[in-house]
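Visitor: Have a look at the structure that comes next, please.
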Amino acid sequence: EKAAFEQILQKPLPVVFRIYRDQSVTPTWLTHVLRHWATQFGINQDPELNKDGRIEVDGELIQPPQLLAWDPKERVWYFNTSRRVVRRHPPLINFKNFLEAHTEMGHIVRQEAVSMLPPLLLQAERSHLVLDMCAAPGSKTTQLLEDLLQDPGTPGLPGGVVVANDSSYMRACLLSHRVRALASPCGMVVSHLGEHLPFPSEFFDRVLC
């Protein structure tokens, strides 16, 4: 077991991305992502593609993006190769550029799968007041903001708010940029030491710390 554990630790993390923002737009984006990926597989003249038109790197077959099985909202996709491989091999560069462009526009959020578990377990709802105590750089904050918008069929804005705090002013500025990119009306960014937040603890329905 020790050898298997050490081998897993040395394995590069996969590329994971989350499609923002509500369930009504998710099917469109899933289709767009898959079609873009299929286009990359269609470049059969590339020497790094095998005879079936699939991408192979260093003897390892690169599978198309797949849904992350434990995400109940079916919005998270993973990709069984590392960022290093994606950056180095020509058949994947266009897909990397696609992800980067839509990340900048706020359509896609790049985040490690393990980082998605705490917000998932919090089960924040539209009416909840949520505190993210150490929020920068903001991946979990954006996930919580999505949870407040999880029912697009409900009229009006959610009654809840995510208060995202970081004690570092510079990190809070980065956090503010990420929250602003999502254009959500439910986010508030503050910068305080965790023990000196100007809110009583009972003020919040959910706290991530």
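Following the order of the structure tokens, first chain is A, next is B, and so on, with residues numbered from 1 inside each chain and ligands from 1 in the order they appear.
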Please provide the set of residues having any atom within 10 Å of Leu197 (chain A), restricted to only C-alpha atoms, with same-chain residues fewer than 6 positions apart removed, written as a ChimeraX atom specification.

Guide: /A:133,165,167,190-191

Visitor: Rounded to one decimal place, report the CA of Asp147 (chain A)-CA of Pro119 (chain A) distance in Å.

Guide: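 So the answer is 8.6 Å.
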
Visitor: List as a PyMOL selection string the protein and nucleic acid residues near region 61-69 of chain A, meaning an atom at most 6 Å away when only C-alpha atoms are counted, but skip any in the same chain fewer than 5 places from it.

Guide: chain A and resi 55-56+76-79

Visitor: Could you give me, as a Markdown table, a per-residue list for region 107-200 of chain A showing, wherever an atom lies at most 9 Å from an atom of region 86-103 of chain A, the closest pair of atoms and their distance in Å to one decimal, using only C-alpha atoms and sorting by chain then residue number from low to high?

Guide:
| residue | atom | partner | partner_atom | distance |
| --- | --- | --- | --- | --- |
| A:His107 | CA | A:His102 | CA | 5.2 |
| A:Ile108 | CA | A:Thr103 | CA | 4.6 |
| A:Val109 | CA | A:Thr103 | CA | 5.6 |
| A:Arg110 | CA | A:Thr103 | CA | 7.0 |

Visitor: Write out, as a PDB file, in the first residue's frame, the residues just selected, with C-alpha atoms.

Guide:
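Okay, out.pdb is ready:
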ATOM      1  CA  HIS A 107     -17.639  31.298 -18.469  1.00  0.00           C
ATOM      2  CA  ILE A 108     -15.288  28.655 -17.100  1.00  0.00           C
ATOM      3  CA  VAL A 109     -13.651  28.391 -13.667  1.00  0.00           C
ATOM      4  CA  ARG A 110     -10.374  26.476 -13.332  1.00  0.00           C
TER       5      ARG A 110
END

Visitor: Which value, in Å to one decimal, gives the distance between CA of Cys173 (chain A) and CA of Glu146 (chain A)?

Guide: 20.4 Å

Visitor: I'd like the contact shell of Cys186 (chain A) - 12 Å cut-off, only C-alpha atoms, skipping same-chain residues fewer than 5 positions apart - returned as a tab-separated table (two decimals) with all heavy atoms, in the first residue's frame.

Guide:
chain	number	residue	atom	x	y	z
A	125	GLU	N	-27.69	27.55	0.02
A	125	GLU	CA	-28.94	27.76	-0.70
A	125	GLU	C	-29.14	29.23	-1.02
A	125	GLU	O	-28.43	30.10	-0.51
A	125	GLU	CB	-30.11	27.22	0.14
A	125	GLU	CG	-30.00	25.73	0.43
A	125	GLU	CD	-31.11	25.24	1.35
A	125	GLU	OE1	-31.99	26.07	1.71
A	125	GLU	OE2	-31.10	24.04	1.70
A	126	ARG	N	-30.15	29.52	-1.83
A	126	ARG	CA	-30.37	30.88	-2.34
A	126	ARG	C	-30.56	31.91	-1.22
A	126	ARG	O	-30.19	33.06	-1.38
A	126	ARG	CB	-31.61	30.89	-3.24
A	126	ARG	CG	-31.41	30.28	-4.59
A	126	ARG	CD	-32.72	30.22	-5.35
A	126	ARG	NE	-33.28	31.54	-5.62
A	126	ARG	CZ	-33.00	32.26	-6.70
A	126	ARG	NH1	-32.15	31.80	-7.60
A	126	ARG	NH2	-33.56	33.42	-6.89
A	127	SER	N	-31.13	31.51	-0.12
A	127	SER	CA	-31.44	32.45	0.95
A	127	SER	C	-30.33	32.58	2.00
A	127	SER	O	-30.45	33.38	2.93
A	127	SER	CB	-32.74	32.04	1.65
A	127	SER	OG	-32.60	30.75	2.23
A	128	HIS	N	-29.26	31.81	1.86
A	128	HIS	CA	-28.24	31.75	2.91
A	128	HIS	C	-27.27	32.94	2.87
A	128	HIS	O	-26.90	33.42	1.80
A	128	HIS	CB	-27.43	30.46	2.79
A	128	HIS	CG	-28.16	29.26	3.30
A	128	HIS	ND1	-27.75	27.97	3.06
A	128	HIS	CD2	-29.31	29.15	4.05
A	128	HIS	CE1	-28.59	27.12	3.63
A	128	HIS	NE2	-29.53	27.82	4.23
A	129	LEU	N	-26.86	33.35	4.05
A	129	LEU	CA	-25.74	34.28	4.21
A	129	LEU	C	-24.50	33.43	4.50
A	129	LEU	O	-24.47	32.70	5.50
A	129	LEU	CB	-26.00	35.26	5.35
A	129	LEU	CG	-27.24	36.15	5.18
A	129	LEU	CD1	-27.44	37.02	6.42
A	129	LEU	CD2	-27.12	37.01	3.94
A	130	VAL	N	-23.52	33.51	3.62
A	130	VAL	CA	-22.36	32.62	3.68
A	130	VAL	C	-21.09	33.43	3.88
A	130	VAL	O	-20.88	34.44	3.21
A	130	VAL	CB	-22.25	31.79	2.37
A	130	VAL	CG1	-21.10	30.80	2.46
A	130	VAL	CG2	-23.56	31.07	2.08
A	131	LEU	N	-20.23	32.97	4.78
A	131	LEU	CA	-18.93	33.61	5.02
A	131	LEU	C	-17.82	32.67	4.57
A	131	LEU	O	-17.75	31.53	5.00
A	131	LEU	CB	-18.75	33.93	6.51
A	131	LEU	CG	-17.36	34.41	6.94
A	131	LEU	CD1	-17.00	35.73	6.27
A	131	LEU	CD2	-17.27	34.53	8.46
A	141	THR	N	-15.04	30.62	-3.48
A	141	THR	CA	-16.02	31.72	-3.43
A	141	THR	C	-16.91	31.69	-4.66
A	141	THR	O	-18.14	31.83	-4.56
A	141	THR	CB	-15.30	33.07	-3.33
A	141	THR	OG1	-14.48	33.09	-2.17
A	141	THR	CG2	-16.29	34.21	-3.27
A	142	THR	N	-16.33	31.53	-5.83
A	142	THR	CA	-17.14	31.51	-7.05
A	142	THR	C	-18.07	30.29	-7.07
A	142	THR	O	-19.20	30.38	-7.55
A	142	THR	CB	-16.24	31.50	-8.31
A	142	THR	OG1	-15.37	30.36	-8.27
A	142	THR	CG2	-15.40	32.76	-8.39
A	144	LEU	N	-19.42	28.95	-4.39
A	144	LEU	CA	-20.51	29.28	-3.47
A	144	LEU	C	-21.50	30.25	-4.12
A	144	LEU	O	-22.71	30.14	-3.93
A	144	LEU	CB	-19.94	29.88	-2.19
A	144	LEU	CG	-19.19	28.92	-1.27
A	144	LEU	CD1	-18.42	29.67	-0.19
A	144	LEU	CD2	-20.17	27.94	-0.63
A	145	LEU	N	-20.98	31.19	-4.90
A	145	LEU	CA	-21.86	32.12	-5.60
A	145	LEU	C	-22.75	31.38	-6.60
A	145	LEU	O	-23.92	31.72	-6.78
A	145	LEU	CB	-21.03	33.19	-6.31
A	145	LEU	CG	-20.41	34.26	-5.42
A	145	LEU	CD1	-19.39	35.09	-6.19
A	145	LEU	CD2	-21.49	35.17	-4.83
A	146	GLU	N	-22.20	30.38	-7.25
A	146	GLU	CA	-23.01	29.56	-8.16
A	146	GLU	C	-24.13	28.85	-7.41
A	146	GLU	O	-25.25	28.73	-7.91
A	146	GLU	CB	-22.13	28.53	-8.85
A	146	GLU	CG	-21.17	29.10	-9.88
A	146	GLU	CD	-20.31	28.01	-10.49
A	146	GLU	OE1	-20.85	26.94	-10.82
A	146	GLU	OE2	-19.10	28.23	-10.64
A	147	ASP	N	-23.82	28.37	-6.20
A	147	ASP	CA	-24.82	27.64	-5.42
A	147	ASP	C	-26.00	28.55	-5.07
A	147	ASP	O	-27.15	28.09	-4.99
A	147	ASP	CB	-24.20	27.06	-4.16
A	147	ASP	CG	-23.24	25.92	-4.45
A	147	ASP	OD1	-23.38	25.30	-5.53
A	147	ASP	OD2	-22.35	25.65	-3.64
A	148	LEU	N	-25.74	29.83	-4.86
A	148	LEU	CA	-26.84	30.76	-4.57
A	148	LEU	C	-27.72	30.98	-5.79
A	148	LEU	O	-28.88	31.40	-5.67
A	148	LEU	CB	-26.28	32.11	-4.09
A	148	LEU	CG	-26.22	32.31	-2.57
A	148	LEU	CD1	-25.30	31.26	-1.93
A	148	LEU	CD2	-25.74	33.70	-2.22
A	149	LEU	N	-27.18	30.71	-6.98
A	149	LEU	CA	-27.93	30.89	-8.23
A	149	LEU	C	-28.37	29.57	-8.83
A	149	LEU	O	-28.64	29.47	-10.01
A	149	LEU	CB	-27.06	31.64	-9.25
A	149	LEU	CG	-26.65	33.06	-8.86
A	149	LEU	CD1	-25.52	33.55	-9.76
A	149	LEU	CD2	-27.84	34.00	-8.95
A	157	LEU	N	-33.82	37.97	-7.72
A	157	LEU	CA	-32.46	37.68	-7.28
A	157	LEU	C	-32.48	36.84	-6.00
A	157	LEU	O	-33.44	36.92	-5.22
A	157	LEU	CB	-31.71	38.98	-7.01
A	157	LEU	CG	-31.44	39.87	-8.24
A	157	LEU	CD1	-30.83	41.19	-7.79
A	157	LEU	CD2	-30.56	39.17	-9.23
A	158	PRO	N	-31.44	36.04	-5.78
A	158	PRO	CA	-31.37	35.29	-4.52
A	158	PRO	C	-31.32	36.25	-3.33
A	158	PRO	O	-30.82	37.37	-3.42
A	158	PRO	CB	-30.05	34.52	-4.66
A	158	PRO	CG	-29.74	34.51	-6.12
A	158	PRO	CD	-30.32	35.77	-6.67
A	159	GLY	N	-31.86	35.80	-2.20
A	159	GLY	CA	-31.81	36.62	-1.00
A	159	GLY	C	-30.51	36.49	-0.24
A	159	GLY	O	-30.26	37.25	0.70
A	160	GLY	N	-29.68	35.54	-0.63
A	160	GLY	CA	-28.44	35.29	0.08
A	160	GLY	C	-27.27	36.12	-0.44
A	160	GLY	O	-27.33	36.73	-1.49
A	161	VAL	N	-26.19	36.09	0.35
A	161	VAL	CA	-24.96	36.81	0.01
A	161	VAL	C	-23.77	35.96	0.43
A	161	VAL	O	-23.82	35.28	1.47
A	161	VAL	CB	-24.89	38.18	0.72
A	161	VAL	CG1	-23.54	38.85	0.50
A	161	VAL	CG2	-26.00	39.10	0.24
A	162	VAL	N	-22.71	35.99	-0.36
A	162	VAL	CA	-21.44	35.39	0.03
A	162	VAL	C	-20.48	36.52	0.40
A	162	VAL	O	-20.16	37.37	-0.44
A	162	VAL	CB	-20.83	34.54	-1.11
A	162	VAL	CG1	-19.45	34.03	-0.71
A	162	VAL	CG2	-21.75	33.38	-1.46
A	163	VAL	N	-20.05	36.55	1.66
A	163	VAL	CA	-19.06	37.52	2.12
A	163	VAL	C	-17.70	36.84	2.06
A	163	VAL	O	-17.44	35.88	2.79
A	163	VAL	CB	-19.35	38.00	3.55
A	163	VAL	CG1	-18.27	38.97	4.02
A	163	VAL	CG2	-20.73	38.66	3.62
A	164	ALA	N	-16.85	37.31	1.16
A	164	ALA	CA	-15.54	36.70	0.93
A	164	ALA	C	-14.47	37.56	1.60
A	164	ALA	O	-14.28	38.72	1.24
A	164	ALA	CB	-15.26	36.59	-0.57
A	179	VAL	N	-14.36	37.79	-8.40
A	179	VAL	CA	-15.79	37.91	-8.11
A	179	VAL	C	-16.46	38.82	-9.12
A	179	VAL	O	-17.55	38.54	-9.62
A	179	VAL	CB	-16.00	38.42	-6.67
A	179	VAL	CG1	-17.46	38.76	-6.42
A	179	VAL	CG2	-15.53	37.38	-5.66
A	180	ARG	N	-15.80	39.92	-9.46
A	180	ARG	CA	-16.36	40.87	-10.42
A	180	ARG	C	-16.52	40.24	-11.80
A	180	ARG	O	-17.47	40.54	-12.53
A	180	ARG	CB	-15.48	42.11	-10.49
A	180	ARG	CG	-16.06	43.23	-11.35
A	180	ARG	CD	-15.30	44.53	-11.17
A	180	ARG	NE	-13.90	44.42	-11.51
A	180	ARG	CZ	-12.90	44.45	-10.63
A	180	ARG	NH1	-13.15	44.61	-9.34
A	180	ARG	NH2	-11.65	44.34	-11.03

Visitor: How many Å separate CA of Leu175 (chain A) from CA of Val15 (chain A)?

Guide: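 About the pair CA of Leu175 (chain A) and CA of Val15 (chain A): they are 21.6 Å apart.
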
Visitor: I want to know what sits within 8 Å of Asp166 (chain A), based on only C-alpha atoms, with residues of the same chain fewer than 5 positions away left out; could you give that as an NGL selection string?

Guide: :A and (133-136 or 171-172 or 190-194)

Visitor: Between A:Leu182, A:Met116, A:Gln123, A:Glu6, which has the minimum distance to Asp71 (chain A) (counting only C-alpha atoms)?

Guide: A:Met116

Visitor: Go through A:Leu208, A:Ala4, A:Val85, A:Met170 one by one, measure the shortest atom-to-atom distance of each to Gln143 (chain A) using only C-alpha atoms, and give the residue with the smallest value.

Guide: A:Leu208

Visitor: Choose the residue, out of A:Ser139, A:Pro14, A:Ser115, A:Asp132, that has the smallest atom-to-atom separation from Phe204 (chain A); count only C-alpha atoms.

Guide: A:Asp132

Visitor: List every residue of region 143-187 of chain A that DSSP, applied to the backbone of this structure, places in helix (DSSP H, G or I), and write the result as a PDB file with C-alpha atoms, in the first residue's frame.

Guide:
ATOM      1  CA  GLN A 143     -18.459  28.009  -6.431  1.00  0.00           C
ATOM      2  CA  LEU A 144     -20.509  29.280  -3.473  1.00  0.00           C
ATOM      3  CA  LEU A 145     -21.855  32.124  -5.601  1.00  0.00           C
ATOM      4  CA  GLU A 146     -23.006  29.564  -8.158  1.00  0.00           C
ATOM      5  CA  ASP A 147     -24.823  27.644  -5.425  1.00  0.00           C
ATOM      6  CA  LEU A 148     -26.838  30.760  -4.574  1.00  0.00           C
ATOM      7  CA  TYR A 169      -5.244  43.442   1.077  1.00  0.00           C
ATOM      8  CA  MET A 170      -3.355  42.380  -2.063  1.00  0.00           C
ATOM      9  CA  ARG A 171      -4.995  38.953  -2.087  1.00  0.00           C
ATOM     10  CA  ALA A 172      -8.366  40.590  -1.484  1.00  0.00           C
ATOM     11  CA  CYS A 173      -7.797  42.699  -4.625  1.00  0.00           C
ATOM     12  CA  LEU A 174      -7.203  39.509  -6.631  1.00  0.00           C
ATOM     13  CA  LEU A 175     -10.298  38.021  -5.044  1.00  0.00           C
ATOM     14  CA  SER A 176     -12.325  41.108  -5.989  1.00  0.00           C
ATOM     15  CA  HIS A 177     -11.249  40.728  -9.625  1.00  0.00           C
ATOM     16  CA  ARG A 178     -12.454  37.126  -9.756  1.00  0.00           C
ATOM     17  CA  VAL A 179     -15.785  37.905  -8.108  1.00  0.00           C
ATOM     18  CA  ARG A 180     -16.361  40.870 -10.418  1.00  0.00           C
ATOM     19  CA  ALA A 181     -15.667  38.710 -13.490  1.00  0.00           C
TER      20      ALA A 181
END
